[in-house]
>>> print(open('run-v7.pdb').read())   # PDB, C-alpha atoms, pLDDT in the B column
ATOM      1  CA  MET A   9      43.067-122.305 -22.988  1.00 41.00           C
ATOM      2  CA  THR A  10      43.436-120.815 -26.473  1.00 46.00           C
ATOM      3  CA  GLU A  11      42.690-117.318 -25.167  1.00 51.00           C
ATOM      4  CA  ARG A  12      45.617-117.571 -22.777  1.00 53.00           C
ATOM      5  CA  VAL A  13      48.237-118.511 -25.366  1.00 59.00           C
ATOM      6  CA  PRO A  14      49.536-114.924 -25.861  1.00 64.00           C
ATOM      7  CA  GLU A  15      49.997-114.387 -22.118  1.00 70.00           C
ATOM      8  CA  PHE A  16      51.701-117.762 -21.722  1.00 80.00           C
ATOM      9  CA  ALA A  17      54.078-116.895 -24.564  1.00 81.00           C
ATOM     10  CA  LEU A  18      55.070-113.694 -22.776  1.00 81.00           C
ATOM     11  CA  LEU A  19      55.598-115.481 -19.463  1.00 85.00           C
ATOM     12  CA  ILE A  20      57.695-118.171 -21.152  1.00 89.00           C
ATOM     13  CA  GLY A  21      59.797-115.492 -22.853  1.00 88.00           C
ATOM     14  CA  ILE A  22      60.398-113.645 -19.599  1.00 89.00           C
ATOM     15  CA  PHE A  23      61.316-116.871 -17.807  1.00 91.00           C
ATOM     16  CA  LEU A  24      63.722-118.012 -20.523  1.00 92.00           C
ATOM     17  CA  GLY A  25      65.229-114.543 -20.890  1.00 91.00           C
ATOM     18  CA  LEU A  26      65.839-114.199 -17.165  1.00 91.00           C
ATOM     19  CA  SER A  27      67.261-117.724 -17.022  1.00 92.00           C
ATOM     20  CA  ALA A  28      69.679-116.997 -19.864  1.00 92.00           C
ATOM     21  CA  THR A  29      70.745-113.693 -18.312  1.00 93.00           C
ATOM     22  CA  VAL A  30      71.247-114.986 -14.775  1.00 93.00           C
ATOM     23  CA  SER A  31      72.996-118.212 -15.776  1.00 92.00           C
ATOM     24  CA  GLY A  32      75.248-116.381 -18.217  1.00 90.00           C
ATOM     25  CA  ALA A  33      76.139-113.724 -15.655  1.00 91.00           C
ATOM     26  CA  VAL A  34      76.941-116.350 -13.021  1.00 92.00           C
ATOM     27  CA  LEU A  35      79.075-118.448 -15.360  1.00 90.00           C
ATOM     28  CA  THR A  36      80.973-115.613 -17.039  1.00 88.00           C
ATOM     29  CA  GLY A  37      81.050-112.946 -14.329  1.00 87.00           C
ATOM     30  CA  GLU A  38      79.812-110.407 -16.883  1.00 89.00           C
ATOM     31  CA  LEU A  39      76.429-108.853 -17.559  1.00 90.00           C
ATOM     32  CA  PHE A  40      76.614-107.192 -20.975  1.00 90.00           C
ATOM     33  CA  ARG A  41      76.565-110.264 -23.216  1.00 91.00           C
ATOM     34  CA  PRO A  42      74.259-112.376 -20.999  1.00 92.00           C
ATOM     35  CA  LEU A  43      71.791-109.493 -20.897  1.00 93.00           C
ATOM     36  CA  LEU A  44      71.777-109.230 -24.680  1.00 92.00           C
ATOM     37  CA  THR A  45      71.309-112.991 -24.900  1.00 93.00           C
ATOM     38  CA  GLY A  46      68.341-112.787 -22.538  1.00 93.00           C
ATOM     39  CA  VAL A  47      66.791-110.013 -24.621  1.00 93.00           C
ATOM     40  CA  VAL A  48      67.271-112.002 -27.836  1.00 93.00           C
ATOM     41  CA  VAL A  49      65.569-114.992 -26.189  1.00 93.00           C
ATOM     42  CA  CYS A  50      62.707-113.027 -24.607  1.00 92.00           C
ATOM     43  CA  TYR A  51      61.681-110.582 -27.339  1.00 91.00           C
ATOM     44  CA  PRO A  52      60.461-113.147 -29.928  1.00 91.00           C
ATOM     45  CA  PHE A  53      58.128-114.749 -27.373  1.00 89.00           C
ATOM     46  CA  ALA A  54      56.854-111.316 -26.360  1.00 87.00           C
ATOM     47  CA  ALA A  55      56.319-110.407 -30.017  1.00 88.00           C
ATOM     48  CA  PHE A  56      54.376-113.636 -30.571  1.00 86.00           C
ATOM     49  CA  GLY A  57      52.144-112.901 -27.596  1.00 82.00           C
ATOM     50  CA  ILE A  58      51.509-109.336 -28.781  1.00 83.00           C
ATOM     51  CA  VAL A  59      50.722-110.342 -32.360  1.00 82.00           C
ATOM     52  CA  ARG A  60      48.377-113.149 -31.312  1.00 80.00           C
ATOM     53  CA  SER A  61      46.498-111.058 -28.763  1.00 76.00           C
ATOM     54  CA  GLU A  62      43.471-109.055 -29.871  1.00 75.00           C
ATOM     55  CA  ASP A  63      44.245-106.238 -27.458  1.00 75.00           C
ATOM     56  CA  PRO A  64      47.632-106.781 -25.779  1.00 77.00           C
ATOM     57  CA  SER A  65      47.478-103.437 -23.978  1.00 74.00           C
ATOM     58  CA  GLU A  66      44.902-104.904 -21.554  1.00 76.00           C
ATOM     59  CA  ALA A  67      47.326-107.564 -20.313  1.00 74.00           C
ATOM     60  CA  ILE A  68      50.548-105.639 -21.006  1.00 79.00           C
ATOM     61  CA  PRO A  69      50.150-101.902 -20.255  1.00 81.00           C
ATOM     62  CA  SER A  70      52.220 -99.847 -22.670  1.00 83.00           C
ATOM     63  CA  LYS A  71      53.653 -97.563 -19.981  1.00 85.00           C
ATOM     64  CA  TYR A  72      55.061-100.544 -18.075  1.00 87.00           C
ATOM     65  CA  VAL A  73      56.591-101.961 -21.253  1.00 87.00           C
ATOM     66  CA  LEU A  74      58.181 -98.587 -22.005  1.00 88.00           C
ATOM     67  CA  ALA A  75      59.580 -98.362 -18.469  1.00 90.00           C
ATOM     68  CA  VAL A  76      61.030-101.883 -18.707  1.00 91.00           C
ATOM     69  CA  GLY A  77      62.589-101.070 -22.076  1.00 91.00           C
ATOM     70  CA  VAL A  78      64.204 -97.896 -20.764  1.00 92.00           C
ATOM     71  CA  VAL A  79      65.572 -99.723 -17.715  1.00 94.00           C
ATOM     72  CA  LEU A  80      66.932-102.580 -19.837  1.00 93.00           C
ATOM     73  CA  ALA A  81      68.577-100.125 -22.221  1.00 93.00           C
ATOM     74  CA  GLY A  82      70.120 -98.219 -19.312  1.00 93.00           C
ATOM     75  CA  VAL A  83      71.449-101.404 -17.709  1.00 94.00           C
ATOM     76  CA  THR A  84      72.829-102.541 -21.075  1.00 93.00           C
ATOM     77  CA  LEU A  85      74.670 -99.260 -21.573  1.00 92.00           C
ATOM     78  CA  ALA A  86      75.948 -99.246 -17.982  1.00 92.00           C
ATOM     79  CA  ALA A  87      77.194-102.824 -18.315  1.00 91.00           C
ATOM     80  CA  ALA A  88      78.986-101.909 -21.530  1.00 89.00           C
ATOM     81  CA  LEU A  89      80.656 -98.930 -19.856  1.00 88.00           C
ATOM     82  CA  PHE A  90      81.867-100.945 -16.855  1.00 88.00           C
ATOM     83  CA  GLU A  91      82.838-104.159 -18.642  1.00 84.00           C
ATOM     84  CA  ARG A  92      84.170-103.026 -22.002  1.00 79.00           C
ATOM     85  CA  PRO A  93      86.901-100.587 -23.057  1.00 78.00           C
ATOM     86  CA  LEU A  94      85.896 -96.959 -23.403  1.00 66.00           C
ATOM     87  CA  SER A  95      86.591 -97.260 -27.122  1.00 66.00           C
ATOM     88  CA  ASP A  96      83.605 -99.655 -27.332  1.00 79.00           C
ATOM     89  CA  PHE A  97      81.196 -97.039 -25.981  1.00 87.00           C
ATOM     90  CA  VAL A  98      79.508 -96.686 -29.371  1.00 89.00           C
ATOM     91  CA  ALA A  99      78.970-100.459 -29.512  1.00 89.00           C
ATOM     92  CA  GLY A 100      77.322-100.342 -26.089  1.00 90.00           C
ATOM     93  CA  LEU A 101      75.140 -97.437 -27.156  1.00 92.00           C
ATOM     94  CA  PHE A 102      74.144 -99.313 -30.304  1.00 93.00           C
ATOM     95  CA  ALA A 103      73.185-102.366 -28.244  1.00 93.00           C
ATOM     96  CA  ALA A 104      71.178-100.203 -25.841  1.00 93.00           C
ATOM     97  CA  THR A 105      69.368 -98.631 -28.794  1.00 93.00           C
ATOM     98  CA  LEU A 106      68.416-102.046 -30.156  1.00 93.00           C
ATOM     99  CA  VAL A 107      67.184-103.121 -26.720  1.00 94.00           C
ATOM    100  CA  ALA A 108      65.037-100.005 -26.306  1.00 93.00           C
ATOM    101  CA  LEU A 109      63.436 -99.779 -29.753  1.00 92.00           C
ATOM    102  CA  PRO A 110      60.931-102.707 -29.528  1.00 91.00           C
ATOM    103  CA  PRO A 111      59.420-101.543 -26.189  1.00 91.00           C
ATOM    104  CA  VAL A 112      59.303 -97.968 -27.489  1.00 90.00           C
ATOM    105  CA  ALA A 113      57.550 -99.151 -30.663  1.00 88.00           C
ATOM    106  CA  TYR A 114      55.011-101.058 -28.557  1.00 87.00           C
ATOM    107  CA  ALA A 115      54.391 -98.008 -26.385  1.00 85.00           C
ATOM    108  CA  VAL A 116      53.856 -95.831 -29.455  1.00 84.00           C
ATOM    109  CA  ARG A 117      51.547 -98.382 -31.066  1.00 83.00           C
ATOM    110  CA  TYR A 118      49.378 -98.780 -27.984  1.00 81.00           C
ATOM    111  CA  GLY A 119      49.349 -95.196 -26.818  1.00 73.00           C
ATOM    112  CA  ALA A 120      51.623 -94.723 -23.828  1.00 63.00           C
ATOM    113  CA  GLY A 121      51.329 -90.978 -24.373  1.00 69.00           C
ATOM    114  CA  VAL A 122      54.410 -89.928 -22.400  1.00 73.00           C
ATOM    115  CA  ASN A 123      56.190 -87.869 -25.071  1.00 78.00           C
ATOM    116  CA  PRO A 124      55.861 -84.155 -24.190  1.00 79.00           C
ATOM    117  CA  LEU A 125      56.916 -83.094 -27.696  1.00 81.00           C
ATOM    118  CA  SER A 126      54.635 -82.703 -30.675  1.00 85.00           C
ATOM    119  CA  PRO A 127      55.151 -85.049 -33.668  1.00 85.00           C
ATOM    120  CA  ALA A 128      56.878 -82.266 -35.628  1.00 87.00           C
ATOM    121  CA  GLN A 129      59.161 -81.430 -32.700  1.00 90.00           C
ATOM    122  CA  THR A 130      59.978 -85.105 -32.220  1.00 89.00           C
ATOM    123  CA  LEU A 131      60.886 -85.399 -35.892  1.00 89.00           C
ATOM    124  CA  ALA A 132      63.137 -82.345 -35.674  1.00 91.00           C
ATOM    125  CA  VAL A 133      64.910 -83.522 -32.498  1.00 93.00           C
ATOM    126  CA  THR A 134      65.477 -87.091 -33.669  1.00 93.00           C
ATOM    127  CA  SER A 135      66.632 -85.925 -37.105  1.00 91.00           C
ATOM    128  CA  LEU A 136      69.177 -83.567 -35.548  1.00 93.00           C
ATOM    129  CA  LEU A 137      70.384 -86.183 -33.067  1.00 94.00           C
ATOM    130  CA  GLY A 138      70.572 -88.838 -35.764  1.00 92.00           C
ATOM    131  CA  ALA A 139      72.485 -86.504 -38.080  1.00 92.00           C
ATOM    132  CA  LEU A 140      75.040 -85.836 -35.339  1.00 93.00           C
ATOM    133  CA  PHE A 141      75.655 -89.549 -34.931  1.00 94.00           C
ATOM    134  CA  VAL A 142      75.914 -90.088 -38.678  1.00 93.00           C
ATOM    135  CA  VAL A 143      78.321 -87.185 -39.155  1.00 91.00           C
ATOM    136  CA  SER A 144      80.553 -88.517 -36.377  1.00 90.00           C
ATOM    137  CA  ALA A 145      80.676 -92.015 -37.881  1.00 90.00           C
ATOM    138  CA  PRO A 146      83.846 -91.536 -39.985  1.00 89.00           C
ATOM    139  CA  VAL A 147      85.671 -90.812 -36.716  1.00 88.00           C
ATOM    140  CA  THR A 148      83.794 -92.900 -34.143  1.00 88.00           C
ATOM    141  CA  GLY A 149      82.984 -95.942 -36.293  1.00 87.00           C
ATOM    142  CA  ALA A 150      80.281 -97.389 -38.511  1.00 89.00           C
ATOM    143  CA  LEU A 151      78.008 -98.260 -35.585  1.00 92.00           C
ATOM    144  CA  ALA A 152      77.488 -94.545 -34.966  1.00 92.00           C
ATOM    145  CA  ALA A 153      75.989 -94.308 -38.447  1.00 93.00           C
ATOM    146  CA  ALA A 154      73.685 -97.226 -37.621  1.00 94.00           C
ATOM    147  CA  ILE A 155      72.558 -95.486 -34.415  1.00 94.00           C
ATOM    148  CA  GLY A 156      71.880 -92.263 -36.297  1.00 93.00           C
ATOM    149  CA  PHE A 157      69.957 -94.136 -38.960  1.00 94.00           C
ATOM    150  CA  LEU A 158      67.763 -95.921 -36.392  1.00 94.00           C
ATOM    151  CA  VAL A 159      67.113 -92.770 -34.369  1.00 94.00           C
ATOM    152  CA  THR A 160      66.189 -90.696 -37.412  1.00 93.00           C
ATOM    153  CA  LEU A 161      63.975 -93.336 -38.989  1.00 92.00           C
ATOM    154  CA  SER A 162      62.259 -94.110 -35.668  1.00 91.00           C
ATOM    155  CA  GLY A 163      61.501 -90.439 -35.079  1.00 90.00           C
ATOM    156  CA  ALA A 164      60.116 -90.020 -38.581  1.00 89.00           C
ATOM    157  CA  LEU A 165      57.902 -93.101 -38.265  1.00 89.00           C
ATOM    158  CA  TYR A 166      56.690 -91.897 -34.861  1.00 88.00           C
ATOM    159  CA  ALA A 167      55.730 -88.511 -36.322  1.00 87.00           C
ATOM    160  CA  ASP A 168      53.930 -90.212 -39.188  1.00 86.00           C
ATOM    161  CA  THR A 169      52.067 -92.527 -36.801  1.00 84.00           C
ATOM    162  CA  ARG A 170      50.957 -89.524 -34.764  1.00 83.00           C
ATOM    163  CA  GLY A 171      49.501 -87.834 -37.836  1.00 82.00           C
ATOM    164  CA  TYR A 172      52.305 -85.550 -39.033  1.00 82.00           C
ATOM    165  CA  ARG A 173      52.479 -85.868 -42.812  1.00 81.00           C
ATOM    166  CA  LEU A 174      55.317 -84.424 -44.844  1.00 80.00           C
ATOM    167  CA  PRO A 175      54.122 -82.975 -48.175  1.00 81.00           C
ATOM    168  CA  ARG A 176      55.310 -84.865 -51.241  1.00 84.00           C
ATOM    169  CA  LYS A 177      57.529 -81.938 -52.212  1.00 85.00           C
ATOM    170  CA  HIS A 178      59.287 -82.042 -48.852  1.00 84.00           C
ATOM    171  CA  GLN A 179      59.681 -85.810 -49.134  1.00 85.00           C
ATOM    172  CA  ARG A 180      61.436 -85.434 -52.476  1.00 88.00           C
ATOM    173  CA  LEU A 181      63.643 -82.680 -51.066  1.00 90.00           C
ATOM    174  CA  ALA A 182      64.563 -84.889 -48.090  1.00 88.00           C
ATOM    175  CA  ILE A 183      65.545 -87.743 -50.405  1.00 90.00           C
ATOM    176  CA  ALA A 184      67.656 -85.429 -52.558  1.00 92.00           C
ATOM    177  CA  ALA A 185      69.280 -83.822 -49.517  1.00 90.00           C
ATOM    178  CA  GLY A 186      70.061 -87.212 -48.025  1.00 89.00           C
ATOM    179  CA  GLY A 187      71.752 -88.337 -51.229  1.00 90.00           C
ATOM    180  CA  LEU A 188      73.800 -85.144 -51.507  1.00 92.00           C
ATOM    181  CA  LEU A 189      74.839 -85.279 -47.847  1.00 90.00           C
ATOM    182  CA  GLY A 190      75.830 -88.922 -48.251  1.00 89.00           C
ATOM    183  CA  ILE A 191      78.012 -88.160 -51.254  1.00 91.00           C
ATOM    184  CA  GLY A 192      79.440 -85.110 -49.546  1.00 91.00           C
ATOM    185  CA  ILE A 193      80.465 -86.835 -46.333  1.00 89.00           C
ATOM    186  CA  VAL A 194      82.105 -89.679 -48.244  1.00 90.00           C
ATOM    187  CA  GLY A 195      84.012 -87.148 -50.332  1.00 90.00           C
ATOM    188  CA  VAL A 196      85.191 -85.249 -47.244  1.00 88.00           C
ATOM    189  CA  ALA A 197      86.248 -88.483 -45.584  1.00 86.00           C
ATOM    190  CA  VAL A 198      88.245 -89.573 -48.628  1.00 84.00           C
ATOM    191  CA  VAL A 199      90.011 -86.207 -48.871  1.00 87.00           C
ATOM    192  CA  SER A 200      90.716 -86.255 -45.116  1.00 85.00           C
ATOM    193  CA  ARG A 201      91.871 -89.894 -45.307  1.00 85.00           C
ATOM    194  CA  LEU A 202      89.373 -91.082 -42.735  1.00 84.00           C
ATOM    195  CA  PRO A 203      88.388 -94.779 -42.572  1.00 87.00           C
ATOM    196  CA  LEU A 204      86.543 -95.594 -45.781  1.00 86.00           C
ATOM    197  CA  VAL A 205      84.171 -98.221 -44.319  1.00 90.00           C
ATOM    198  CA  SER A 206      82.862 -95.846 -41.655  1.00 88.00           C
ATOM    199  CA  ALA A 207      82.538 -93.057 -44.218  1.00 89.00           C
ATOM    200  CA  LEU A 208      80.544 -95.305 -46.548  1.00 92.00           C
ATOM    201  CA  ALA A 209      78.290 -96.324 -43.650  1.00 92.00           C
ATOM    202  CA  SER A 210      77.719 -92.655 -42.875  1.00 92.00           C
ATOM    203  CA  GLY A 211      76.916 -91.857 -46.493  1.00 91.00           C
ATOM    204  CA  ALA A 212      74.571 -94.815 -46.761  1.00 92.00           C
ATOM    205  CA  ALA A 213      72.727 -93.760 -43.592  1.00 92.00           C
ATOM    206  CA  PHE A 214      72.176 -90.253 -44.943  1.00 92.00           C
ATOM    207  CA  ALA A 215      70.957 -91.575 -48.273  1.00 90.00           C
ATOM    208  CA  LEU A 216      68.791 -94.442 -47.034  1.00 91.00           C
ATOM    209  CA  ALA A 217      66.961 -92.896 -44.062  1.00 91.00           C
ATOM    210  CA  PRO A 218      64.680 -90.497 -46.000  1.00 90.00           C
ATOM    211  CA  SER A 219      64.220 -92.925 -48.894  1.00 90.00           C
ATOM    212  CA  LEU A 220      63.221 -95.797 -46.613  1.00 89.00           C
ATOM    213  CA  PHE A 221      60.863 -93.556 -44.643  1.00 89.00           C
ATOM    214  CA  VAL A 222      59.070 -92.482 -47.825  1.00 87.00           C
ATOM    215  CA  ALA A 223      58.872 -96.096 -49.016  1.00 86.00           C
ATOM    216  CA  LEU A 224      57.421 -97.301 -45.705  1.00 82.00           C
ATOM    217  CA  THR A 225      54.805 -94.545 -45.498  1.00 80.00           C
ATOM    218  CA  ARG A 226      53.880 -94.211 -49.180  1.00 73.00           C
ATOM    219  CA  GLU A 227      50.559 -96.044 -48.787  1.00 62.00           C
ATOM    220  CA  ARG A 228      49.490 -93.703 -46.007  1.00 56.00           C
TER
END
>>> encode(input="run-v7.pdb", output="C-alpha cells")
Amino acid sequence: MTERVPEFALLIGIFLGLSATVSGAVLTGELFRPLLTGVVVCYPFAAFGIVRSEDPSEAIPSKYVLAVGVVLAGVTLAAALFERPLSDFVAGLFAATLVALPPVAYAVRYGAGVNPLSPAQTLAVTSLLGALFVVSAPVTGALAAAIGFLVTLSGALYADTRGYRLPRKHQRLAIAAGGLLGIGIVGVAVVSRLPLVSALASGAAFALAPSLFVALTRER
C-alpha cells in the first residue's frame, strides 16, 4: 500500500483538477479561469507523487507529461484569446507559461530528450526571446517582463542541467550586463514617459535573471 502512495496522489490530483475545471466551466460558461483552477489543484498532488516516488519516470513517462503540459498551455492560451480582450493577451501568455513550466521541468529532469537544440543553442534562443519580452514590457505591461524572466532563467537552468557551464568570467559579465541593461531601460522609459511600474519590472528582470542563475548554480 505504501508503495502506491505516489501513484494515488497523482490520480487524486488529476481527478480533483478535472472536477474543478469541468464544474467551473459548466457553472461559469468560461474555460480560462476554471482551467487555471484545475491546474492549481492538480499540480501539488502531482508534485507530491513525483517527490515521494523513487523513480517516477517508470509510472509517469516524461514524454507524456511534456505532451500534456504543452496541450494544457495551448488550451490555456486559446481560452484566453477567445474569452478575454485582446489587450489581455500578455496575461494569457503568462498563464500559459506558468502552466507549461512544471511539465517541462519534469521532462528535463527525467530525460524526455526531445529538444533538437544543443544546450548552448537553447541558452542563446531563450535569452534572445526572453530579452525581447523584457524590452517590450514598458509598452506591453509588467507581465511581459515576468515572461521574459521565466523564459531566460528556464533556458539557462536547462543548459546548466545538460552540462553547459558558463565560465566564471562570463557569469560576472552577464551580471554586470544585466544590471546595466536594467538601469538603461528604466532610464529610457522615464525619458520617454512610459509607465514607470512596467519599466521597473523590465529593469528588475534584466538585473535579476543572471544574478539568480549564478546563485542557483554556484554549487555546481
>>> resolve_selection(input="run-v7.pdb", expression="the PyMOL selection byres ((chain A and resi 144-152) around 8)", output="ChimeraX atom specification")
/A:98-99,102,140-143,153-156,197,202-207,209-210
>>> closest_residue(input="run-v7.pdb", among="A:Gly37, A:Pro175, A:Pro124, A:Gly77", to="Glu91 in chain A", atoms="all atoms listed in the file")
A:Gly37
>>> resolve_selection(input="run-v7.pdb", expression="the PyMOL selection byres ((chain A and resi 222) around 10)", output="number ranges by chain")
A: 164-165, 174, 176, 179-180, 182-183, 216-221, 223-228
>>> write_last_selection(input="run-v7.pdb", atoms="C-alpha atoms", output="compact mmCIF listing (two decimals), in the frame of the given file")
# COMPACT_ATOMS: atom_id res chain seq x y z
CA ALA A 164 60.12 -90.02 -38.58
CA LEU A 165 57.90 -93.10 -38.26
CA LEU A 174 55.32 -84.42 -44.84
CA ARG A 176 55.31 -84.86 -51.24
CA GLN A 179 59.68 -85.81 -49.13
CA ARG A 180 61.44 -85.43 -52.48
CA ALA A 182 64.56 -84.89 -48.09
CA ILE A 183 65.54 -87.74 -50.40
CA LEU A 216 68.79 -94.44 -47.03
CA ALA A 217 66.96 -92.90 -44.06
CA PRO A 218 64.68 -90.50 -46.00
CA SER A 219 64.22 -92.92 -48.89
CA LEU A 220 63.22 -95.80 -46.61
CA PHE A 221 60.86 -93.56 -44.64
CA ALA A 223 58.87 -96.10 -49.02
CA LEU A 224 57.42 -97.30 -45.70
CA THR A 225 54.80 -94.54 -45.50
CA ARG A 226 53.88 -94.21 -49.18
CA GLU A 227 50.56 -96.04 -48.79
CA ARG A 228 49.49 -93.70 -46.01
>>> resolve_selection(input="run-v7.pdb", expression="the PyMOL selection byres ((chain A and resi 114-119) around 10)", output="list in words")
Ala55, Ile58, Asp63, Pro64, Ser65, Glu66, Ile68, Pro69, Ser70, Lys71, Tyr72, Val73, Leu74, Ala75, Gly77, Leu109, Pro110, Pro111, Val112, Ala113, Ala120, Gly121, Val122, Asn123, Tyr166, Thr169 and Arg170 of chain A
>>> closest_residue(input="run-v7.pdb", among="A:Phe16, A:Phe214, A:Tyr172, A:Tyr51", to="Ala108 in chain A", atoms="all atoms listed in the file")
A:Tyr51
>>> atom_distance(input="run-v7.pdb", atom1="CA of Leu161 in chain A", atom2="CA of Ser135 in chain A")
8.1 Å
>>> atom_distance(input="run-v7.pdb", atom1="CA of Gly82 in chain A", atom2="CA of Ala104 in chain A")
6.9 Å
>>> build_atoms(input="run-v7.pdb", residues="range 77-85 of chain A", atoms="all heavy atoms", output="PDB file, keeping the file's coordinate frame")
ATOM      1  N   GLY A  77      61.644-101.265 -20.977  1.00 91.00           N
ATOM      2  CA  GLY A  77      62.589-101.070 -22.076  1.00 91.00           C
ATOM      3  C   GLY A  77      63.655-100.038 -21.760  1.00 91.00           C
ATOM      4  O   GLY A  77      64.837-100.238 -22.071  1.00 91.00           O
ATOM      5  N   VAL A  78      63.242 -98.941 -21.130  1.00 92.00           N
ATOM      6  CA  VAL A  78      64.204 -97.896 -20.764  1.00 92.00           C
ATOM      7  C   VAL A  78      65.193 -98.419 -19.725  1.00 92.00           C
ATOM      8  O   VAL A  78      66.408 -98.169 -19.810  1.00 92.00           O
ATOM      9  CB  VAL A  78      63.463 -96.649 -20.235  1.00 92.00           C
ATOM     10  CG1 VAL A  78      64.456 -95.645 -19.638  1.00 92.00           C
ATOM     11  CG2 VAL A  78      62.659 -95.999 -21.355  1.00 92.00           C
ATOM     12  N   VAL A  79      64.691 -99.158 -18.739  1.00 94.00           N
ATOM     13  CA  VAL A  79      65.572 -99.723 -17.715  1.00 94.00           C
ATOM     14  C   VAL A  79      66.552-100.714 -18.323  1.00 94.00           C
ATOM     15  O   VAL A  79      67.760-100.687 -18.035  1.00 94.00           O
ATOM     16  CB  VAL A  79      64.740-100.399 -16.602  1.00 94.00           C
ATOM     17  CG1 VAL A  79      65.642-101.191 -15.665  1.00 94.00           C
ATOM     18  CG2 VAL A  79      63.959 -99.354 -15.821  1.00 94.00           C
ATOM     19  N   LEU A  80      66.055-101.604 -19.196  1.00 93.00           N
ATOM     20  CA  LEU A  80      66.932-102.580 -19.837  1.00 93.00           C
ATOM     21  C   LEU A  80      68.001-101.891 -20.680  1.00 93.00           C
ATOM     22  O   LEU A  80      69.172-102.292 -20.670  1.00 93.00           O
ATOM     23  CB  LEU A  80      66.114-103.525 -20.711  1.00 93.00           C
ATOM     24  CG  LEU A  80      65.326-104.621 -20.001  1.00 93.00           C
ATOM     25  CD1 LEU A  80      64.496-105.409 -21.006  1.00 93.00           C
ATOM     26  CD2 LEU A  80      66.262-105.551 -19.243  1.00 93.00           C
ATOM     27  N   ALA A  81      67.599-100.856 -21.410  1.00 93.00           N
ATOM     28  CA  ALA A  81      68.577-100.125 -22.221  1.00 93.00           C
ATOM     29  C   ALA A  81      69.622 -99.449 -21.338  1.00 93.00           C
ATOM     30  O   ALA A  81      70.826 -99.461 -21.651  1.00 93.00           O
ATOM     31  CB  ALA A  81      67.865 -99.094 -23.082  1.00 93.00           C
ATOM     32  N   GLY A  82      69.170 -98.859 -20.223  1.00 93.00           N
ATOM     33  CA  GLY A  82      70.120 -98.219 -19.312  1.00 93.00           C
ATOM     34  C   GLY A  82      71.083 -99.207 -18.694  1.00 93.00           C
ATOM     35  O   GLY A  82      72.298 -98.937 -18.593  1.00 93.00           O
ATOM     36  N   VAL A  83      70.573-100.373 -18.288  1.00 94.00           N
ATOM     37  CA  VAL A  83      71.449-101.404 -17.709  1.00 94.00           C
ATOM     38  C   VAL A  83      72.419-101.923 -18.758  1.00 94.00           C
ATOM     39  O   VAL A  83      73.602-102.161 -18.468  1.00 94.00           O
ATOM     40  CB  VAL A  83      70.598-102.560 -17.142  1.00 94.00           C
ATOM     41  CG1 VAL A  83      71.495-103.707 -16.694  1.00 94.00           C
ATOM     42  CG2 VAL A  83      69.765-102.066 -15.964  1.00 94.00           C
ATOM     43  N   THR A  84      71.951-102.088 -19.994  1.00 93.00           N
ATOM     44  CA  THR A  84      72.829-102.541 -21.075  1.00 93.00           C
ATOM     45  C   THR A  84      73.968-101.559 -21.303  1.00 93.00           C
ATOM     46  O   THR A  84      75.135-101.949 -21.421  1.00 93.00           O
ATOM     47  CB  THR A  84      72.023-102.711 -22.378  1.00 93.00           C
ATOM     48  OG1 THR A  84      70.982-103.667 -22.178  1.00 93.00           O
ATOM     49  CG2 THR A  84      72.922-103.186 -23.511  1.00 93.00           C
ATOM     50  N   LEU A  85      73.637-100.273 -21.366  1.00 92.00           N
ATOM     51  CA  LEU A  85      74.670 -99.260 -21.573  1.00 92.00           C
ATOM     52  C   LEU A  85      75.629 -99.197 -20.389  1.00 92.00           C
ATOM     53  O   LEU A  85      76.851 -99.094 -20.566  1.00 92.00           O
ATOM     54  CB  LEU A  85      74.021 -97.898 -21.801  1.00 92.00           C
ATOM     55  CG  LEU A  85      74.974 -96.728 -22.082  1.00 92.00           C
ATOM     56  CD1 LEU A  85      75.828 -97.010 -23.315  1.00 92.00           C
ATOM     57  CD2 LEU A  85      74.177 -95.435 -22.264  1.00 92.00           C
TER      58      LEU A  85
END
